[in-house]
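Containing CSV, C-alpha atoms (C1' of nucleotides): start-v8.csv.
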chain,number,residue,atom,x,y,z
A,1,MET,CA,0.0,0.0,0.0
A,2,ILE,CA,1.4,3.4,-1.0
A,3,SER,CA,1.7,5.7,1.9
A,4,THR,CA,0.8,9.4,2.2
A,5,LYS,CA,4.4,10.2,1.6
A,6,GLY,CA,4.4,8.7,-1.8
A,7,ARG,CA,1.0,10.1,-2.7
A,8,TYR,CA,1.6,13.6,-1.4
A,9,ALA,CA,5.0,13.7,-3.1
A,10,LEU,CA,3.3,12.9,-6.4
A,11,ARG,CA,0.8,15.7,-5.8
A,12,VAL,CA,3.6,18.1,-5.0
A,13,MET,CA,5.3,17.2,-8.2
A,14,ILE,CA,2.1,17.7,-10.2
A,15,ASP,CA,1.6,21.0,-8.4
A,16,LEU,CA,5.1,22.2,-9.3
A,17,ALA,CA,4.6,21.2,-12.9
A,18,GLU,CA,1.3,23.1,-13.0
A,19,ASN,CA,2.3,26.2,-11.2
A,20,GLU,CA,5.9,26.9,-12.0
A,21,LYS,CA,6.2,29.8,-14.4
A,22,GLY,CA,9.9,30.2,-14.3
A,23,GLN,CA,9.7,31.2,-10.7
A,24,PRO,CA,10.2,28.9,-7.6
A,25,VAL,CA,7.0,27.8,-6.0
A,26,PRO,CA,6.8,28.4,-2.2
A,27,LEU,CA,5.9,25.4,-0.1
A,28,LYS,CA,3.3,27.5,1.6
A,29,ASP,CA,1.3,27.8,-1.6
A,30,ILE,CA,1.5,24.1,-2.4
A,31,ALA,CA,0.4,23.3,1.1
A,32,GLU,CA,-2.6,25.5,0.7
A,33,ARG,CA,-3.6,24.3,-2.7
A,34,GLN,CA,-3.2,20.7,-1.8
A,35,GLY,CA,-4.7,21.0,1.7
A,36,ILE,CA,-1.7,19.3,3.4
A,37,SER,CA,0.1,20.7,6.4
A,38,LYS,CA,3.2,22.6,5.3
A,39,LYS,CA,5.2,21.1,8.2
A,40,TYR,CA,4.6,17.6,6.9
A,41,LEU,CA,5.3,18.6,3.3
A,42,GLU,CA,8.7,19.8,4.5
A,43,ILE,CA,9.7,16.3,5.3
A,44,ILE,CA,8.5,15.0,1.9
A,45,VAL,CA,10.1,17.8,-0.1
A,46,LYS,CA,13.4,17.2,1.6
A,47,ASP,CA,13.3,13.7,0.3
A,48,LEU,CA,12.6,15.0,-3.2
A,49,VAL,CA,15.5,17.4,-2.9
A,50,ASP,CA,17.9,14.6,-1.6
A,51,GLY,CA,16.7,12.4,-4.5
A,52,LYS,CA,17.5,15.1,-7.0
A,53,LEU,CA,14.0,15.4,-8.3
A,54,VAL,CA,13.5,19.1,-7.3
A,55,LYS,CA,15.7,22.0,-6.2
A,56,GLY,CA,15.0,24.3,-3.3
A,57,ALA,CA,15.8,28.0,-3.3
A,58,SER,CA,16.0,29.8,0.1
A,59,GLY,CA,15.1,33.3,0.9
A,60,LYS,CA,12.6,35.7,-0.3
A,61,GLY,CA,11.2,34.8,-3.7
A,62,GLY,CA,12.4,31.3,-3.0
A,63,GLY,CA,10.6,28.0,-3.3
A,64,TYR,CA,11.0,24.8,-5.2
A,65,VAL,CA,11.5,24.1,-8.9
A,66,LEU,CA,11.5,20.9,-11.0
A,67,LEU,CA,14.9,19.9,-12.3
A,68,ARG,CA,13.6,18.4,-15.5
A,69,LYS,CA,10.6,18.7,-17.8
A,70,PRO,CA,7.5,16.9,-16.6
A,71,GLU,CA,7.7,14.4,-19.4
A,72,GLU,CA,11.1,13.4,-18.2
A,73,TYR,CA,9.8,12.2,-14.8
A,74,SER,CA,8.3,8.7,-14.5
A,75,ILE,CA,5.7,8.2,-11.8
A,76,GLY,CA,7.6,5.1,-10.8
A,77,GLU,CA,10.8,7.0,-9.8
A,78,ILE,CA,8.8,9.5,-7.7
A,79,VAL,CA,6.9,6.8,-5.8
A,80,GLU,CA,9.9,4.5,-5.5
A,81,LEU,CA,12.0,7.3,-4.1
A,82,MET,CA,9.4,8.0,-1.4
A,83,GLU,CA,8.4,4.4,-0.5
A,84,GLY,CA,11.9,3.0,-0.7
A,85,THR,CA,10.7,0.2,-2.9
A,86,LEU,CA,7.9,-0.9,-5.2
A,87,ALA,CA,8.4,-4.6,-4.5
A,88,PRO,CA,5.3,-6.4,-3.5
A,89,VAL,CA,7.2,-8.8,-1.2
A,90,ALA,CA,10.1,-8.3,1.2
A,91,CYS,CA,12.4,-10.8,-0.6
A,92,LEU,CA,12.4,-8.8,-3.8
A,93,GLN,CA,13.7,-5.6,-2.2
A,94,LYS,CA,17.0,-4.4,-3.2
A,95,ASP,CA,18.7,-4.9,0.2
A,96,ALA,CA,16.8,-8.1,1.0
A,97,GLU,CA,18.7,-10.7,2.9
A,98,GLU,CA,19.0,-13.8,0.9
A,99,CYS,CA,16.1,-16.2,1.4
A,100,PRO,CA,17.1,-19.8,2.1
A,101,ARG,CA,14.2,-20.9,0.0
A,102,TYR,CA,15.2,-18.8,-2.9
A,103,ALA,CA,16.0,-21.7,-5.3
A,104,SER,CA,13.1,-23.8,-4.4
A,105,CYS,CA,10.4,-21.2,-3.7
A,106,VAL,CA,7.3,-22.0,-5.7
A,107,THR,CA,5.8,-18.5,-5.2
A,108,LEU,CA,8.8,-16.5,-6.2
A,109,PRO,CA,8.0,-16.4,-9.9
A,110,LEU,CA,4.6,-15.1,-9.1
A,111,TRP,CA,5.9,-12.2,-7.1
A,112,GLN,CA,8.6,-11.5,-9.6
A,113,GLU,CA,6.0,-11.3,-12.4
A,114,LEU,CA,3.7,-9.0,-10.3
A,115,ASP,CA,6.7,-6.8,-9.5
A,116,GLN,CA,7.6,-6.5,-13.1
A,117,LEU,CA,4.0,-5.6,-14.0
A,118,VAL,CA,3.8,-2.8,-11.4
A,119,HIS,CA,7.2,-1.5,-12.2
A,120,ASP,CA,6.6,-1.4,-15.9
A,121,TYR,CA,3.3,0.4,-15.5
A,122,LEU,CA,4.6,3.0,-13.1
A,123,TYR,CA,7.8,3.7,-15.0
A,124,GLN,CA,6.1,4.0,-18.4
A,125,LYS,CA,3.7,6.6,-16.9
A,126,LYS,CA,5.1,10.1,-17.0
A,127,LEU,CA,4.4,13.1,-14.7
A,128,SER,CA,3.3,15.1,-17.8
A,129,GLU,CA,0.4,12.7,-18.2
A,130,LEU,CA,-1.1,13.8,-14.9
A,131,VAL,CA,-0.7,17.5,-15.3
A,132,ARG,CA,-3.8,19.6,-16.0
A,133,LYS,CA,-2.8,22.0,-18.8
A,134,ALA,CA,-3.8,25.6,-18.0
B,1,MET,CA,3.6,-4.8,0.4
B,2,ILE,CA,2.2,-8.2,1.0
B,3,SER,CA,2.8,-9.3,4.6
B,4,THR,CA,3.8,-12.7,5.9
B,5,LYS,CA,0.2,-13.5,6.6
B,6,GLY,CA,-0.6,-13.4,2.9
B,7,ARG,CA,2.5,-15.1,1.8
B,8,TYR,CA,2.3,-17.8,4.4
B,9,ALA,CA,-1.4,-18.4,3.7
B,10,LEU,CA,-0.5,-19.0,0.1
B,11,ARG,CA,2.2,-21.5,1.0
B,12,VAL,CA,-0.3,-23.3,3.3
B,13,MET,CA,-2.8,-23.5,0.4
B,14,ILE,CA,-0.1,-24.9,-1.9
B,15,ASP,CA,1.0,-27.3,0.8
B,16,LEU,CA,-2.6,-28.5,1.2
B,17,ALA,CA,-3.0,-29.0,-2.5
B,18,GLU,CA,0.2,-31.0,-2.7
B,19,ASN,CA,-0.2,-33.2,0.4
B,20,GLU,CA,-3.9,-33.9,0.7
B,21,LYS,CA,-4.6,-37.5,-0.3
B,22,GLY,CA,-8.2,-37.7,0.8
B,23,GLN,CA,-7.0,-37.2,4.4
B,24,PRO,CA,-6.9,-34.0,6.5
B,25,VAL,CA,-3.4,-32.5,6.7
B,26,PRO,CA,-2.3,-31.7,10.3
B,27,LEU,CA,-1.0,-28.2,10.8
B,28,LYS,CA,2.1,-29.6,12.5
B,29,ASP,CA,3.1,-31.3,9.3
B,30,ILE,CA,2.6,-28.1,7.3
B,31,ALA,CA,4.5,-26.1,9.9
B,32,GLU,CA,7.5,-28.5,9.6
B,33,ARG,CA,7.5,-28.6,5.8
B,34,GLN,CA,7.2,-24.9,5.5
B,35,GLY,CA,9.5,-24.0,8.3
B,36,ILE,CA,7.0,-21.7,10.0
B,37,SER,CA,5.9,-21.7,13.6
B,38,LYS,CA,2.8,-23.8,14.1
B,39,LYS,CA,1.5,-21.2,16.6
B,40,TYR,CA,1.6,-18.5,14.0
B,41,LEU,CA,0.1,-20.7,11.3
B,42,GLU,CA,-2.9,-21.2,13.6
B,43,ILE,CA,-3.8,-17.6,13.3
B,44,ILE,CA,-3.5,-17.7,9.5
B,45,VAL,CA,-5.4,-20.9,9.1
B,46,LYS,CA,-8.2,-19.6,11.3
B,47,ASP,CA,-8.6,-16.8,8.7
B,48,LEU,CA,-8.7,-19.3,5.9
B,49,VAL,CA,-11.4,-21.3,7.8
B,50,ASP,CA,-13.4,-18.1,8.5
B,51,GLY,CA,-13.1,-17.1,4.8
B,52,LYS,CA,-14.4,-20.5,3.7
B,53,LEU,CA,-11.3,-21.5,1.8
B,54,VAL,CA,-10.4,-24.5,3.9
B,55,LYS,CA,-12.1,-26.7,6.5
B,56,GLY,CA,-10.7,-27.9,9.8
B,57,ALA,CA,-11.3,-31.3,11.4
B,58,SER,CA,-10.6,-31.6,15.1
B,59,GLY,CA,-9.3,-34.6,17.0
B,60,LYS,CA,-7.0,-37.5,16.2
B,61,GLY,CA,-6.6,-37.9,12.4
B,62,GLY,CA,-7.7,-34.3,12.0
B,63,GLY,CA,-6.2,-31.5,10.1
B,64,TYR,CA,-7.2,-29.2,7.3
B,65,VAL,CA,-8.6,-29.8,3.9
B,66,LEU,CA,-9.3,-27.7,0.8
B,67,LEU,CA,-13.0,-27.1,0.1
B,68,ARG,CA,-12.5,-26.9,-3.7
B,69,LYS,CA,-10.1,-28.1,-6.4
B,70,PRO,CA,-6.9,-26.2,-6.7
B,71,GLU,CA,-7.8,-24.8,-10.1
B,72,GLU,CA,-10.9,-23.3,-8.5
B,73,TYR,CA,-8.9,-21.0,-6.2
B,74,SER,CA,-7.5,-17.8,-7.5
B,75,ILE,CA,-4.3,-16.4,-5.9
B,76,GLY,CA,-6.1,-13.1,-5.6
B,77,GLU,CA,-8.9,-14.3,-3.4
B,78,ILE,CA,-6.4,-16.0,-1.0
B,79,VAL,CA,-4.1,-12.9,-0.8
B,80,GLU,CA,-7.0,-10.5,-0.6
B,81,LEU,CA,-8.7,-12.4,2.2
B,82,MET,CA,-5.5,-12.3,4.3
B,83,GLU,CA,-4.5,-8.7,3.5
B,84,GLY,CA,-8.0,-7.3,3.8
B,85,THR,CA,-7.4,-5.5,0.5
B,86,LEU,CA,-5.3,-5.5,-2.7
B,87,ALA,CA,-5.8,-1.8,-3.2
B,88,PRO,CA,-2.6,0.2,-3.7
B,89,VAL,CA,-4.0,3.3,-2.0
B,90,ALA,CA,-6.2,3.8,1.0
B,91,CYS,CA,-9.0,5.6,-0.9
B,92,LEU,CA,-9.6,2.6,-3.1
B,93,GLN,CA,-10.3,0.3,-0.2
B,94,LYS,CA,-13.8,-1.1,0.1
B,95,ASP,CA,-14.6,0.7,3.4
B,96,ALA,CA,-12.8,3.9,2.5
B,97,GLU,CA,-14.3,7.1,3.8
B,98,GLU,CA,-15.3,9.3,0.9
B,99,CYS,CA,-12.4,11.5,-0.2
B,100,PRO,CA,-13.4,15.2,-0.6
B,101,ARG,CA,-11.1,15.4,-3.6
B,102,TYR,CA,-12.7,12.4,-5.3
B,103,ALA,CA,-14.2,14.3,-8.2
B,104,SER,CA,-11.2,16.4,-8.9
B,105,CYS,CA,-8.3,14.1,-8.0
B,106,VAL,CA,-5.8,14.0,-10.8
B,107,THR,CA,-4.0,10.9,-9.5
B,108,LEU,CA,-7.1,8.8,-8.9
B,109,PRO,CA,-7.3,7.3,-12.4
B,110,LEU,CA,-3.7,6.3,-12.1
B,111,TRP,CA,-4.3,4.3,-8.9
B,112,GLN,CA,-7.5,2.9,-10.3
B,113,GLU,CA,-5.7,1.6,-13.3
B,114,LEU,CA,-2.9,0.1,-11.2
B,115,ASP,CA,-5.4,-1.5,-8.9
B,116,GLN,CA,-7.1,-3.1,-11.9
B,117,LEU,CA,-3.9,-4.4,-13.2
B,118,VAL,CA,-2.9,-6.0,-10.0
B,119,HIS,CA,-6.3,-7.4,-9.4
B,120,ASP,CA,-6.6,-8.9,-12.8
B,121,TYR,CA,-3.2,-10.5,-12.6
B,122,LEU,CA,-3.8,-12.1,-9.2
B,123,TYR,CA,-7.3,-13.3,-9.9
B,124,GLN,CA,-6.5,-14.8,-13.2
B,125,LYS,CA,-3.7,-16.8,-11.6
B,126,LYS,CA,-4.9,-20.1,-10.0
B,127,LEU,CA,-3.6,-22.1,-7.1
B,128,SER,CA,-3.2,-25.1,-9.4
B,129,GLU,CA,-0.5,-23.2,-11.3
B,130,LEU,CA,1.7,-23.1,-8.3
B,131,VAL,CA,1.3,-26.7,-7.2
B,132,ARG,CA,4.2,-29.0,-7.9
B,133,LYS,CA,2.8,-32.2,-9.2
B,134,ALA,CA,4.1,-35.3,-7.5
C,1,DT,C1',-13.9,-44.3,29.3
C,2,DC,C1',-9.6,-42.3,28.9
C,3,DT,C1',-5.9,-40.6,26.6
C,4,DT,C1',-3.9,-38.8,22.6
C,5,DT,C1',-4.0,-35.7,18.9
C,6,DC,C1',-5.6,-32.3,16.9
C,7,DT,C1',-8.2,-27.7,16.2
C,8,DC,C1',-9.7,-23.6,18.3
C,9,DC,C1',-9.7,-19.4,21.5
C,10,DT,C1',-8.0,-15.2,24.2
C,11,DA,C1',-4.4,-12.5,25.6
C,12,DT,C1',0.1,-10.3,25.4
C,13,DT,C1',4.4,-8.4,23.6
C,14,DG,C1',8.5,-6.2,21.2
C,15,DA,C1',9.7,-3.9,17.3
C,16,DC,C1',8.9,-0.9,13.8
C,17,DA,C1',6.5,2.2,10.6
C,18,DT,C1',3.2,5.9,9.8
C,19,DA,C1',1.7,10.4,10.0
C,20,DG,C1',2.3,13.8,11.8
C,21,DT,C1',3.8,18.2,15.4
C,22,DA,C1',7.1,21.6,17.5
C,23,DG,C1',10.5,24.8,17.6
C,24,DG,C1',14.0,26.5,16.0
C,25,DT,C1',18.4,28.0,12.5
C,26,DT,C1',20.3,29.3,8.1
C,27,DA,C1',20.1,31.5,3.5
C,28,DA,C1',19.0,34.9,0.3
C,29,DA,C1',16.4,38.7,-1.8
C,30,DG,C1',14.8,43.5,-1.5
D,1,DC,C1',18.5,44.7,8.1
D,2,DT,C1',14.1,42.9,7.8
D,3,DT,C1',11.3,39.7,5.6
D,4,DT,C1',10.5,35.4,3.5
D,5,DA,C1',11.4,31.1,2.8
D,6,DA,C1',14.0,26.8,3.0
D,7,DC,C1',16.3,23.8,6.1
D,8,DC,C1',17.3,21.0,10.4
D,9,DT,C1',16.7,18.2,14.8
D,10,DA,C1',13.9,16.3,17.8
D,11,DC,C1',9.7,14.3,19.6
D,12,DT,C1',5.2,11.6,19.8
D,13,DA,C1',0.9,9.3,19.4
D,14,DT,C1',-1.2,5.6,17.1
D,15,DG,C1',-1.3,1.5,14.8
D,16,DT,C1',0.3,-2.7,12.4
D,17,DC,C1',3.3,-6.7,12.1
D,18,DA,C1',4.9,-10.9,13.5
D,19,DA,C1',4.9,-13.4,16.6
D,20,DT,C1',4.6,-16.1,21.5
D,21,DA,C1',2.0,-18.1,25.6
D,22,DG,C1',-1.2,-20.9,27.7
D,23,DG,C1',-4.7,-23.0,27.6
D,24,DA,C1',-10.0,-25.2,26.3
D,25,DG,C1',-12.7,-28.0,23.4
D,26,DA,C1',-13.5,-31.8,19.9
D,27,DA,C1',-13.0,-36.2,18.0
D,28,DA,C1',-10.9,-40.7,17.1
D,29,DG,C1',-8.7,-44.9,18.8
D,30,DA,C1',-7.1,-48.1,22.6
Go ahead and render the structure in this file as structure tokens.
Amino acid sequence: MISTKGRYALRVMIDLAENEKGQPVPLKDIAERQGISKKYLEIIVKDLVDGKLVKGASGKGGGYVLLRKPEEYSIGEIVELMEGTLAPVACLQKDAEECPRYASCVTLPLWQELDQLVHDYLYQKKLSELVRKA
Amino acid sequence: MISTKGRYALRVMIDLAENEKGQPVPLKDIAERQGISKKYLEIIVKDLVDGKLVKGASGKGGGYVLLRKPEEYSIGEIVELMEGTLAPVACLQKDAEECPRYASCVTLPLWQELDQLVHDYLYQKKLSELVRKA
DNA sequence: TCTTTCTCCTATTGACATAGTAGGTTAAAG
DNA sequence: CTTTAACCTACTATGTCAATAGGAGAAAGA
């Protein structure tokens, strides 16, 4: 299940794509438009900055800006950054400890196929597809 | 992310399909074969009984039996029973409180499509496809 | 009948994640 | 040099996960 962090982050990215007119977009404005506490958004946007998806500008006239064009962001990378993983089961996570049943596991192919399905869907989908054009 | 409950339940169902020879299969045997604590499996199997996926028989010679043929169980119904939902986001759960952004939500179609994708994949897949034939 | 072998039931627990809140400090523009 | 905004550290309530513990009740075989 995708948490608020992943869902809110996506809405922030969409908001940035919709409202950035060359100028940085202040978090306060995003919080108001989206109806999400600014304090909580700070945590989320920090992750987006650390993940190199957006850039922050301090001071008056500051705010956040996208680093690429909306069509160059996949939904998958946004969500995966926030959630840590898209894997449907623990054993398919990147840092998963090796499962002793790995070689004989009957259910593994099922989870792998599901993982692939979700991954493909979310990485093929671009941010630009969710942006309401003004 | 699918929890141990869902994954273990699936393994129990597979174990039942593989080892049931007209006789009930004791939980002790399943626990040993699968390397899962019998105590924990009791919780899981109780959910399977309540969900009418298996039947329990008390007393000596007792154990658990499938109520249908393996090809008549979809993986989806097993996992969904254990997890409560397959929905990727809270607002798509059956008992979800109505979201005030429902009508205008830009991300909703994305989650709906993802939900459909996962649902279709897991419901089309049958238990019989995971059973090792002796 | 009595013992064994099972299922079935209630309660508890440690660890961790989620979804925030609170209160400040630093950076930059005007 | 004041305003505005990002940035940083810490804290906390609540809930879920993944079990464990200790039995009671049901049914079959000796």
Contact set, chain A to chain C: 9 Å, all atoms listed in the file, as a PyMOL selection string
chain A and resi 3-5+39-40+57-62
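Computed from the coordinates, the CA of Asp50 in chain A to CA of Pro88 in chain B distance equals 25.1 Å.
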Give me the residues within 9 Å of Glu77 in chain A as JSON, numbers by chain, counting all atoms listed in the file and dropping any in the same chain fewer than 5 places off.
{"A": [82, 122, 123]}
So that each row is one residue of chain D with an atom at most 8 Å from chain A, can you give its shortest atom pair and the distance in Å to one decimal, using only C-alpha atoms (C1' of nucleotides), rows by chain and rising number, as CSV?
residue,atom,partner,partner_atom,distance
D:DT3,C1',A:Lys60,CA,7.2
D:DT4,C1',A:Lys60,CA,4.4
D:DA5,C1',A:Gly59,CA,4.7
D:DA6,C1',A:Ser58,CA,4.6
Gap from CA of Glu71 in chain A to CA of Ala31 in chain A - Å, one decimal
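Between CA of Glu71 in chain A and CA of Ala31 in chain A the gap is 23.5 Å.
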CA of Gln112 in chain A to C1' of DA19 in chain D, distance in Å rounded to a single decimal:
26.5 Å
Interface, chain B side, toward chain A (10 Å; all atoms listed in the file) as a PyMOL selection string
chain B and resi 1-4+6-7+10-11+14+34+75+85-90+101+105-111+113-115+117-118+121-122+125+129-132
Protein/DNA/RNA residues near (-8.1, -17.6, 3.7), cut 10 Å, all atoms listed in the file, as a ChimeraX atom specification
/B:5-6,9-10,12-13,44-54,77-83
Mind filling out range 34-46 of chain B with N, CA and C atoms and sending it as a compact mmCIF listing (two decimals), in the coordinates of the input?
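The resulting selection-v7.txt:
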# COMPACT_ATOMS: atom_id res chain seq x y z
N GLN B 34 7.07 -26.26 5.93
CA GLN B 34 7.20 -24.90 5.50
C GLN B 34 8.22 -24.09 6.34
N GLY B 35 8.61 -24.67 7.48
CA GLY B 35 9.50 -24.00 8.30
C GLY B 35 8.93 -22.72 8.97
N ILE B 36 7.66 -22.82 9.33
CA ILE B 36 7.00 -21.70 10.00
C ILE B 36 6.39 -22.20 11.29
N SER B 37 6.44 -21.34 12.32
CA SER B 37 5.90 -21.70 13.60
C SER B 37 4.47 -22.14 13.55
N LYS B 38 4.16 -23.29 14.17
CA LYS B 38 2.80 -23.80 14.10
C LYS B 38 1.82 -22.81 14.77
N LYS B 39 2.30 -22.19 15.86
CA LYS B 39 1.50 -21.20 16.60
C LYS B 39 1.03 -20.06 15.66
N TYR B 40 1.96 -19.59 14.89
CA TYR B 40 1.60 -18.50 14.00
C TYR B 40 0.71 -18.94 12.87
N LEU B 41 0.95 -20.14 12.41
CA LEU B 41 0.10 -20.70 11.30
C LEU B 41 -1.35 -20.84 11.81
N GLU B 42 -1.52 -21.09 13.10
CA GLU B 42 -2.90 -21.20 13.60
C GLU B 42 -3.73 -20.00 13.32
N ILE B 43 -3.11 -18.84 13.52
CA ILE B 43 -3.80 -17.60 13.30
C ILE B 43 -4.20 -17.48 11.79
N ILE B 44 -3.26 -17.84 10.96
CA ILE B 44 -3.50 -17.70 9.50
C ILE B 44 -4.54 -18.69 9.04
N VAL B 45 -4.45 -19.93 9.52
CA VAL B 45 -5.40 -20.90 9.10
C VAL B 45 -6.81 -20.62 9.59
N LYS B 46 -6.88 -19.98 10.75
CA LYS B 46 -8.20 -19.60 11.30
C LYS B 46 -8.87 -18.61 10.27
